[in-house]
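Novice: The structure that follows is given in the form of structure tokens.
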Amino acid sequence: MRRGSVRREVVVRVDADTAWRVVGRPDVLHHWFPGIVDCRVEGDTRTVTLGTGLALQETILTNDPLQRRFQYRIAGGPFTEHLATLDVVALGDDASLITYASDAAPATMAIVLGGATAGALAELRRQLEAGEGPALAAVAAVPERSGGRPAGPRPAGDAAHAGAPDRPAHRGGR
Amino acid sequence: MGRRILFVTTDQQRYDTLGCNGGTLSRTPVVDGLAAAGIRYERAVPQSVVCMPSRSTILTGQHPSTHGVWMNGVALPVDAPSVAAVLHRAGYRTALVGKPHFQPFVDPFGRFAENGLARAETTTTESPWPDGTTGPHRGFDHLELATHGPFGPLHYARWLTTTHPEAAAGFYAVLDRELEVNADGGGATGAPQVKDNPVPRDWYHTDWVADRTIAWLDALDDGDDWFCWMSFPDPHHPWDPPASELGRVDWREVPLPAGYVEDASERERILDAKPRHWRLWYDGALVSNFEAPARWVPATLTPDQVREVNARNAVEVELIDEALGRVLAAVAARGWDDDLDVIVTTDHGELQGDFGLLFKGPYHVDGLMRLPLVWRPAPAAGVAPAAVTGPVGLVDLAPTFCAIAGLPPEPWMEGAPLPVDDADADARGHGCALTEWDSELLGVDVHLRTITQGGWVCTTYGPGTVHDGTEGELYDLADDPLQRVNRWDDPAARGVRDDLVDDLRRRLPAPRTPRLPLDAPV
């Protein structure tokens, strides 16, 4: 089976910590990723629902606020292999580079993810540079900490769902 | 009341598949009759040889560099210019029935409006228009959409799998389980993308497109002006027409096409004289684009497989001709025929055995670049029948629709209304067509720019995975109608080559910036 590897990136005129506050929040993905209409986080597992109704289960592998790196793996669905990596890289004090890489088999799905993640990064940039938008609002509704500092150990069995601010959001530092 | 417009496209059809163009395999009396009463174009050239860029050119009247759909899988922005919107604003009722493909079909995220219409059980949606207003999607107030089978989110697939679910399994699966273009063979010869399909003819997408077109026309008032784009998904692969119709053309009796070189060593010598990707694909050493099965090696293609593919293609062409005949009869029954313009064409061609190849890709030769195009002007317009011998482009269609409707071409259109004969073509400066190819797929990129002019086809290559940017192709269409002798490096043709390259570079529009993203493989 052919596998594919694609990377999309965007330069955003906000500092890296500001960008990371959204990128590092797995529970708010559907607020900045067009085509994902819902996401729920339970421990290391995130379930996303796509615009077609297809539900995909993901395993969160890395959520590292020091490197500002977030990785997850989609299991099942049309995928036989998958790894996504988001990095937020500071470009001075007032800009950052956000990359979103997708390695996948079948290769077709890597290409599809490339298109979807390009759209997501464009929307993320729009919200970050505007200083407002549903993703920023969701983050603000459940503030966990500021400044991109690492979270403490995640309580077992915690769950998060954006739009449900009375529930704690998962911050899986590991 | 103005002139009504029935615009008929097929998908991936060669020039030589129509009787009026010398084809002998298919019986196409309906289109032949339109050609006899109208204008037949002998050198209609697409601005891209794959679906999405070419269809975007038809709709926008722009070259790929301008509208930005640089390869299959790149979505045409919803607010892109649209001739359908121009006609809608002028009071026309507007419909697209059949294959759209302005947005990718592979869309698990549900990002694209055209894929969501059937799921929402609707036939249009409000979308932004380029002037900042909103209106029906791309200017069409009715879209009933189909593609090559029962798979996917479009209206035909939904209709078939809902009303006749047992029929779905009879179709060939265009993609395999790994979501690649399927290489599985079938039929009597094991040819790729061939399958015996037990679907009743009435349920096949060709007749569905005609049925839904007639239903839309039936709902119009007698006094309505209308523009209907009837877009048949065939004869694009898979070659799985209703099995009941296969007896129309016995594949064993099908002659090998002129473009097929029977002797393998001669075939390979010809391929070796072209830029490297030709031979690399033939040998299965390079997959540069998604449109052909990645696992299929063209060198394995047998003469009998070419015969069977061509036979099934001919059956599909006949079914389209008959479906068009039904629609024209329905139009005539409404008393509209005298004011009706009919334009029949396709988005691009098919190699269909030429050089031992099938399908399509970065190969700018007649199999993919010489298209059927017939315009039967409204009889009331009194246009004399003619043949136009010089190049015209699909980019000329949008301004032609405007001219038929009595509207000036929009400033964003890059073509000109089609000429009605050679003298008109000369007087209005027709005689040149540009074609572009760009692809970047999984680390492999290919870039071609082509000019068809003065009896020559000249292709330049940009730097890419297997090209250094100095390669080219140059064919004399009069002396070498099968494009077997690449004269790019022929000193005797150097002057012609240099003039054509200069003209090509002068005429090419500047590429759209920023470049639109690739959203899917197709």
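Please note that chains go A, B, ... in the order of the structure tokens, that every chain numbers its residues from 1, and that ligands are numbered from 1 in the order shown.
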Name the residues in contact with range 446-452 of chain B at a cut-off of 10 Å, using only C-alpha atoms, excluding same-chain residues fewer than 2 positions from it; report them as a PyMOL selection string.

Specialist: chain B and resi 43-45+47-48+277+288-289+361-365+369+390-393+431-441+444+454-467+469+471-475+477+500-501+503-505+507-508

Novice: Residues near Glu81 in chain A, anyone? I mean within 9 Å using only C-alpha atoms, not counting same-chain ones fewer than 3 positions away, as a PyMOL selection string.

Specialist: chain A and resi 3+73-76+103-106

Novice: Take the residues from that selection and write them out as an mmCIF file, in the first residue's frame, keeping N, CA and C atoms.

Specialist:
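Saved to selection.cif:
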data_model
loop_
_atom_site.group_PDB
_atom_site.id
_atom_site.type_symbol
_atom_site.label_atom_id
_atom_site.label_comp_id
_atom_site.auth_asym_id
_atom_site.auth_seq_id
_atom_site.Cartn_x
_atom_site.Cartn_y
_atom_site.Cartn_z
ATOM 1 N N ARG A 3 1.944 4.850 0.935
ATOM 2 C CA ARG A 3 1.700 5.798 2.009
ATOM 3 C C ARG A 3 2.095 7.177 1.526
ATOM 4 N N ARG A 73 -2.717 10.086 16.494
ATOM 5 C CA ARG A 73 -2.819 9.016 15.508
ATOM 6 C C ARG A 73 -4.297 8.660 15.329
ATOM 7 N N ILE A 74 -4.727 8.570 14.071
ATOM 8 C CA ILE A 74 -6.089 8.111 13.789
ATOM 9 C C ILE A 74 -6.043 6.602 13.643
ATOM 10 N N ALA A 75 -6.945 5.951 14.344
ATOM 11 C CA ALA A 75 -7.012 4.485 14.252
ATOM 12 C C ALA A 75 -8.316 4.100 13.567
ATOM 13 N N GLY A 76 -8.213 3.230 12.589
ATOM 14 C CA GLY A 76 -9.421 2.722 11.933
ATOM 15 C C GLY A 76 -9.928 3.652 10.862
ATOM 16 N N ASP A 103 1.111 11.986 7.989
ATOM 17 C CA ASP A 103 1.640 10.775 7.357
ATOM 18 C C ASP A 103 0.524 9.741 7.399
ATOM 19 N N ALA A 104 0.229 9.129 6.260
ATOM 20 C CA ALA A 104 -0.927 8.237 6.255
ATOM 21 C C ALA A 104 -0.819 7.200 5.155
ATOM 22 N N ALA A 105 -1.438 6.096 5.407
ATOM 23 C CA ALA A 105 -1.732 5.103 4.387
ATOM 24 C C ALA A 105 -3.220 4.777 4.523
ATOM 25 N N PRO A 106 -3.956 4.658 3.427
ATOM 26 C CA PRO A 106 -3.527 4.849 2.041
ATOM 27 C C PRO A 106 -3.069 6.282 1.760
#

Novice: Given a cut-off of 6 Å, which residues of chain A touch chain B, counting only C-alpha atoms, written out as a ChimeraX atom specification?

Specialist: /A:35,50-52,106,111-112,115

Novice: Quick one: residues within 12 Å of Glu262 in chain B, only C-alpha atoms, excluding same-chain residues fewer than 2 positions away - as a list in words?

Specialist: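 In the requested format, the answer is Pro255, Leu256, Pro257, Ala258, Gly259, Tyr260, Ala264, Ser265, Glu266, Arg267, Glu268, Ile270, Ala299, Leu301, Thr302, Pro303, Asp304, Val306, Gly353, Asp354, Phe355, Gly356 and Leu357 of chain B.
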
Novice: Of the candidates B:Val209, B:Ala311, B:Ala285, B:Leu373, which shows the shortest atom-to-atom distance to Glu245 in chain B, using only C-alpha atoms?

Specialist: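 That would be B:Ala311, the residue with the smallest distance to Glu245 in chain B.
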
Novice: Could you check the closest approach to Ile36 in chain A for each of A:Leu86, A:Leu128, A:Val48, A:Val12 and tell me which residue wins, using only C-alpha atoms?

Specialist: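 Using only C-alpha atoms, Ile36 in chain A sits closest to A:Val48.
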
Novice: Which residues are near range 79-96 of chain B? Cut-off 9 Å, only C-alpha atoms, ignore same chain within fewer than 4 positions. Put them as an mmCIF file with C-alpha atoms, in the first residue's frame.

Specialist:
data_model
loop_
_atom_site.group_PDB
_atom_site.id
_atom_site.type_symbol
_atom_site.label_atom_id
_atom_site.label_comp_id
_atom_site.auth_asym_id
_atom_site.auth_seq_id
_atom_site.Cartn_x
_atom_site.Cartn_y
_atom_site.Cartn_z
ATOM 1 C CA ARG B 4 -32.253 28.858 -25.220
ATOM 2 C CA SER B 56 -13.467 25.172 -14.426
ATOM 3 C CA ILE B 58 -15.720 25.964 -19.287
ATOM 4 C CA LEU B 59 -17.564 27.634 -16.419
ATOM 5 C CA THR B 60 -15.293 30.637 -15.945
ATOM 6 C CA GLY B 61 -14.075 31.234 -19.476
ATOM 7 C CA GLN B 62 -10.568 31.411 -18.047
ATOM 8 C CA HIS B 67 -9.013 30.419 -12.380
ATOM 9 C CA PRO B 100 -20.014 18.854 -12.048
ATOM 10 C CA SER B 127 -23.313 30.794 -2.297
ATOM 11 C CA PRO B 128 -21.182 33.913 -2.515
ATOM 12 C CA TRP B 129 -20.785 35.418 -5.973
ATOM 13 C CA PRO B 130 -17.638 37.201 -7.139
ATOM 14 C CA ASP B 131 -19.290 40.614 -6.980
ATOM 15 C CA GLY B 132 -19.889 40.272 -3.257
ATOM 16 C CA THR B 134 -25.009 35.890 -2.986
ATOM 17 C CA GLY B 135 -27.042 33.756 -5.320
ATOM 18 C CA PRO B 136 -27.688 30.196 -6.363
ATOM 19 C CA HIS B 137 -24.586 28.047 -6.273
ATOM 20 C CA ARG B 138 -22.288 29.064 -9.130
ATOM 21 C CA GLY B 139 -25.330 30.619 -10.796
ATOM 22 C CA PHE B 140 -27.233 27.353 -11.187
ATOM 23 C CA ASP B 141 -30.690 27.367 -9.679
ATOM 24 C CA HIS B 142 -30.906 23.621 -10.177
ATOM 25 C CA LEU B 143 -28.148 21.042 -9.743
ATOM 26 C CA GLU B 144 -28.790 17.314 -9.927
ATOM 27 C CA LEU B 145 -25.440 15.688 -9.872
ATOM 28 C CA THR B 213 -32.857 16.939 -17.691
ATOM 29 C CA TRP B 216 -36.292 19.910 -15.240
ATOM 30 C CA LEU B 220 -40.288 25.271 -16.965
ATOM 31 C CA ASP B 224 -38.767 30.786 -19.988
ATOM 32 C CA ASP B 225 -35.298 31.380 -21.307
ATOM 33 C CA TRP B 226 -33.052 28.623 -20.084
ATOM 34 C CA PHE B 227 -29.505 27.362 -20.039
ATOM 35 C CA CYS B 228 -29.053 23.699 -19.270
ATOM 36 C CA TRP B 229 -25.664 22.062 -18.929
ATOM 37 C CA MET B 230 -26.332 18.361 -19.415
ATOM 38 C CA SER B 231 -23.136 16.669 -18.296
ATOM 39 C CA ALA B 398 -18.441 30.991 -21.923
ATOM 40 C CA PRO B 399 -18.290 34.027 -24.222
ATOM 41 C CA PHE B 401 -23.016 31.427 -24.354
ATOM 42 C CA CYS B 402 -23.067 35.157 -23.666
ATOM 43 C CA ALA B 405 -27.944 35.222 -25.046
ATOM 44 C CA LEU B 407 -24.927 39.603 -23.767
ATOM 45 C CA GLU B 410 -17.622 39.596 -19.309
ATOM 46 C CA TRP B 412 -12.911 38.354 -16.926
ATOM 47 C CA MET B 413 -13.476 35.963 -19.814
#

Novice: Show which residues sit within 9 Å of Thr47 in chain A, as a list in words. Count only C-alpha atoms, and ignore same-chain residues fewer than 2 positions away.

Specialist: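 Final neighbour list, sorted by chain and number: Asp38, Cys39, Arg40, Val41, Glu42, Thr45, Thr49, Ala55, Leu56, Gln57, Glu58 and Thr59 of chain A.
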
Novice: Write a file of the selected residues as an mmCIF file, in the first residue's frame, keeping C-alpha atoms.

Specialist:
data_model
loop_
_atom_site.group_PDB
_atom_site.id
_atom_site.type_symbol
_atom_site.label_atom_id
_atom_site.label_comp_id
_atom_site.auth_asym_id
_atom_site.auth_seq_id
_atom_site.Cartn_x
_atom_site.Cartn_y
_atom_site.Cartn_z
ATOM 1 C CA ASP A 38 -17.571 17.846 16.906
ATOM 2 C CA CYS A 39 -14.765 16.463 19.018
ATOM 3 C CA ARG A 40 -14.725 14.800 22.407
ATOM 4 C CA VAL A 41 -11.710 13.969 24.504
ATOM 5 C CA GLU A 42 -11.627 11.102 26.994
ATOM 6 C CA THR A 45 -8.635 9.353 23.139
ATOM 7 C CA THR A 49 -17.013 13.711 13.872
ATOM 8 C CA ALA A 55 -16.562 9.441 13.280
ATOM 9 C CA LEU A 56 -12.829 8.880 13.703
ATOM 10 C CA GLN A 57 -11.117 7.799 16.869
ATOM 11 C CA GLU A 58 -7.728 9.317 17.567
ATOM 12 C CA THR A 59 -5.047 8.592 20.134
#

Novice: Per DSSP on the backbone, filter range 3-151 of chain A down to the residues in strand (DSSP E) and report them as a PyMOL selection string.

Specialist: chain A and resi 4-12+36-42+45-50+55-64+69-75+81-90+96-105

Novice: Now that the selection is made, can you save its residues with C-alpha atoms as an mmCIF file, in the first residue's frame?

Specialist:
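To be explicit, this is the file written out as part06.cif:
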data_model
loop_
_atom_site.group_PDB
_atom_site.id
_atom_site.type_symbol
_atom_site.label_atom_id
_atom_site.label_comp_id
_atom_site.auth_asym_id
_atom_site.auth_seq_id
_atom_site.Cartn_x
_atom_site.Cartn_y
_atom_site.Cartn_z
ATOM 1 C CA GLY A 4 1.828 9.533 1.769
ATOM 2 C CA SER A 5 3.389 12.315 3.759
ATOM 3 C CA VAL A 6 2.200 15.892 3.438
ATOM 4 C CA ARG A 7 2.902 19.037 5.374
ATOM 5 C CA ARG A 8 1.012 22.300 5.394
ATOM 6 C CA GLU A 9 2.173 25.411 7.168
ATOM 7 C CA VAL A 10 1.119 28.948 7.913
ATOM 8 C CA VAL A 11 2.828 31.999 9.346
ATOM 9 C CA VAL A 12 0.657 33.776 11.878
ATOM 10 C CA ILE A 36 -14.868 18.624 11.794
ATOM 11 C CA VAL A 37 -18.183 19.314 13.471
ATOM 12 C CA ASP A 38 -17.571 17.846 16.906
ATOM 13 C CA CYS A 39 -14.765 16.463 19.018
ATOM 14 C CA ARG A 40 -14.725 14.800 22.407
ATOM 15 C CA VAL A 41 -11.710 13.969 24.504
ATOM 16 C CA GLU A 42 -11.627 11.102 26.994
ATOM 17 C CA THR A 45 -8.635 9.353 23.139
ATOM 18 C CA ARG A 46 -10.226 12.019 20.991
ATOM 19 C CA THR A 47 -13.245 11.223 18.864
ATOM 20 C CA VAL A 48 -13.897 13.616 16.011
ATOM 21 C CA THR A 49 -17.013 13.711 13.872
ATOM 22 C CA LEU A 50 -16.595 14.859 10.296
ATOM 23 C CA ALA A 55 -16.562 9.441 13.280
ATOM 24 C CA LEU A 56 -12.829 8.880 13.703
ATOM 25 C CA GLN A 57 -11.117 7.799 16.869
ATOM 26 C CA GLU A 58 -7.728 9.317 17.567
ATOM 27 C CA THR A 59 -5.047 8.592 20.134
ATOM 28 C CA ILE A 60 -3.231 11.624 21.469
ATOM 29 C CA LEU A 61 0.475 10.802 21.502
ATOM 30 C CA THR A 62 2.187 14.069 22.384
ATOM 31 C CA ASN A 63 0.981 17.303 23.876
ATOM 32 C CA ASP A 64 4.232 19.040 24.750
ATOM 33 C CA ARG A 69 4.288 19.989 19.627
ATOM 34 C CA PHE A 70 1.008 18.072 19.390
ATOM 35 C CA GLN A 71 0.781 14.615 17.822
ATOM 36 C CA TYR A 72 -2.056 12.177 17.375
ATOM 37 C CA ARG A 73 -2.819 9.016 15.508
ATOM 38 C CA ILE A 74 -6.089 8.111 13.789
ATOM 39 C CA ALA A 75 -7.012 4.485 14.252
ATOM 40 C CA GLU A 81 -1.543 4.039 9.203
ATOM 41 C CA HIS A 82 -1.592 7.605 10.424
ATOM 42 C CA LEU A 83 0.437 10.137 12.361
ATOM 43 C CA ALA A 84 -0.317 13.846 12.598
ATOM 44 C CA THR A 85 2.183 16.342 13.963
ATOM 45 C CA LEU A 86 1.488 19.989 14.707
ATOM 46 C CA ASP A 87 4.352 22.267 15.630
ATOM 47 C CA VAL A 88 4.261 25.888 16.679
ATOM 48 C CA VAL A 89 7.604 27.609 16.102
ATOM 49 C CA ALA A 90 8.318 31.126 17.321
ATOM 50 C CA SER A 96 4.927 32.099 14.644
ATOM 51 C CA LEU A 97 5.066 29.284 12.152
ATOM 52 C CA ILE A 98 2.478 26.552 12.543
ATOM 53 C CA THR A 99 3.059 23.302 10.669
ATOM 54 C CA TYR A 100 0.581 20.461 10.337
ATOM 55 C CA ALA A 101 2.067 17.240 8.961
ATOM 56 C CA SER A 102 0.069 14.151 8.046
ATOM 57 C CA ASP A 103 1.640 10.775 7.357
ATOM 58 C CA ALA A 104 -0.927 8.237 6.255
ATOM 59 C CA ALA A 105 -1.732 5.103 4.387
#

Novice: When you draw a straight line from CA of Arg370 in chain B to CA of Val344 in chain B, how long is it in Å?

Specialist: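 The value is 13.9 Å.
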
Novice: Can you tell me how far CA of Ala167 in chain B sits from CA of Tyr204 in chain B, in Å to one decimal?

Specialist: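 It comes out at 9.5 Å.
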
Novice: Write out as an MDAnalysis selection string the residues lying within 6 Å of Phe359 in chain B, counting only C-alpha atoms and excluding same-chain residues fewer than 5 positions away.

Specialist: chainID B and resid 292 350:351

Novice: Contacts of Gly19 in chain B at 10 Å or less, counting only C-alpha atoms, minus same-chain residues fewer than 5 places along, as a VMD selection string?

Specialist: chain B and resid 24 to 33 35

Novice: Could those residues be written to a file, using N, CA and C atoms, as a PDB file, in the first residue's frame?

Specialist:
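Okay, again08.pdb is ready:
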ATOM      1  N   THR B  24     -16.026   5.285 -36.819  1.00  0.00           N
ATOM      2  CA  THR B  24     -16.788   4.185 -37.426  1.00  0.00           C
ATOM      3  C   THR B  24     -17.303   3.179 -36.402  1.00  0.00           C
ATOM      4  N   LEU B  25     -16.858   3.258 -35.162  1.00  0.00           N
ATOM      5  CA  LEU B  25     -17.280   2.263 -34.178  1.00  0.00           C
ATOM      6  C   LEU B  25     -18.665   2.558 -33.619  1.00  0.00           C
ATOM      7  N   SER B  26     -18.941   3.815 -33.340  1.00  0.00           N
ATOM      8  CA  SER B  26     -20.218   4.204 -32.731  1.00  0.00           C
ATOM      9  C   SER B  26     -21.156   4.760 -33.786  1.00  0.00           C
ATOM     10  N   ARG B  27     -22.413   4.463 -33.583  1.00  0.00           N
ATOM     11  CA  ARG B  27     -23.433   5.146 -34.395  1.00  0.00           C
ATOM     12  C   ARG B  27     -23.902   6.355 -33.598  1.00  0.00           C
ATOM     13  N   THR B  28     -23.687   7.547 -34.146  1.00  0.00           N
ATOM     14  CA  THR B  28     -24.019   8.786 -33.432  1.00  0.00           C
ATOM     15  C   THR B  28     -24.888   9.686 -34.317  1.00  0.00           C
ATOM     16  N   PRO B  29     -26.037   9.195 -34.732  1.00  0.00           N
ATOM     17  CA  PRO B  29     -26.833   9.987 -35.695  1.00  0.00           C
ATOM     18  C   PRO B  29     -27.335  11.304 -35.137  1.00  0.00           C
ATOM     19  N   VAL B  30     -27.553  11.383 -33.836  1.00  0.00           N
ATOM     20  CA  VAL B  30     -28.096  12.624 -33.281  1.00  0.00           C
ATOM     21  C   VAL B  30     -27.059  13.741 -33.359  1.00  0.00           C
ATOM     22  N   VAL B  31     -25.863  13.473 -32.854  1.00  0.00           N
ATOM     23  CA  VAL B  31     -24.825  14.511 -32.929  1.00  0.00           C
ATOM     24  C   VAL B  31     -24.430  14.748 -34.383  1.00  0.00           C
ATOM     25  N   ASP B  32     -24.390  13.710 -35.168  1.00  0.00           N
ATOM     26  CA  ASP B  32     -24.059  13.899 -36.586  1.00  0.00           C
ATOM     27  C   ASP B  32     -25.074  14.832 -37.250  1.00  0.00           C
ATOM     28  N   GLY B  33     -26.337  14.674 -36.874  1.00  0.00           N
ATOM     29  CA  GLY B  33     -27.361  15.545 -37.437  1.00  0.00           C
ATOM     30  C   GLY B  33     -27.186  16.992 -37.001  1.00  0.00           C
ATOM     31  N   ALA B  35     -24.363  18.328 -36.268  1.00  0.00           N
ATOM     32  CA  ALA B  35     -23.189  18.826 -36.989  1.00  0.00           C
ATOM     33  C   ALA B  35     -23.552  19.197 -38.424  1.00  0.00           C
TER      34      ALA B  35
END
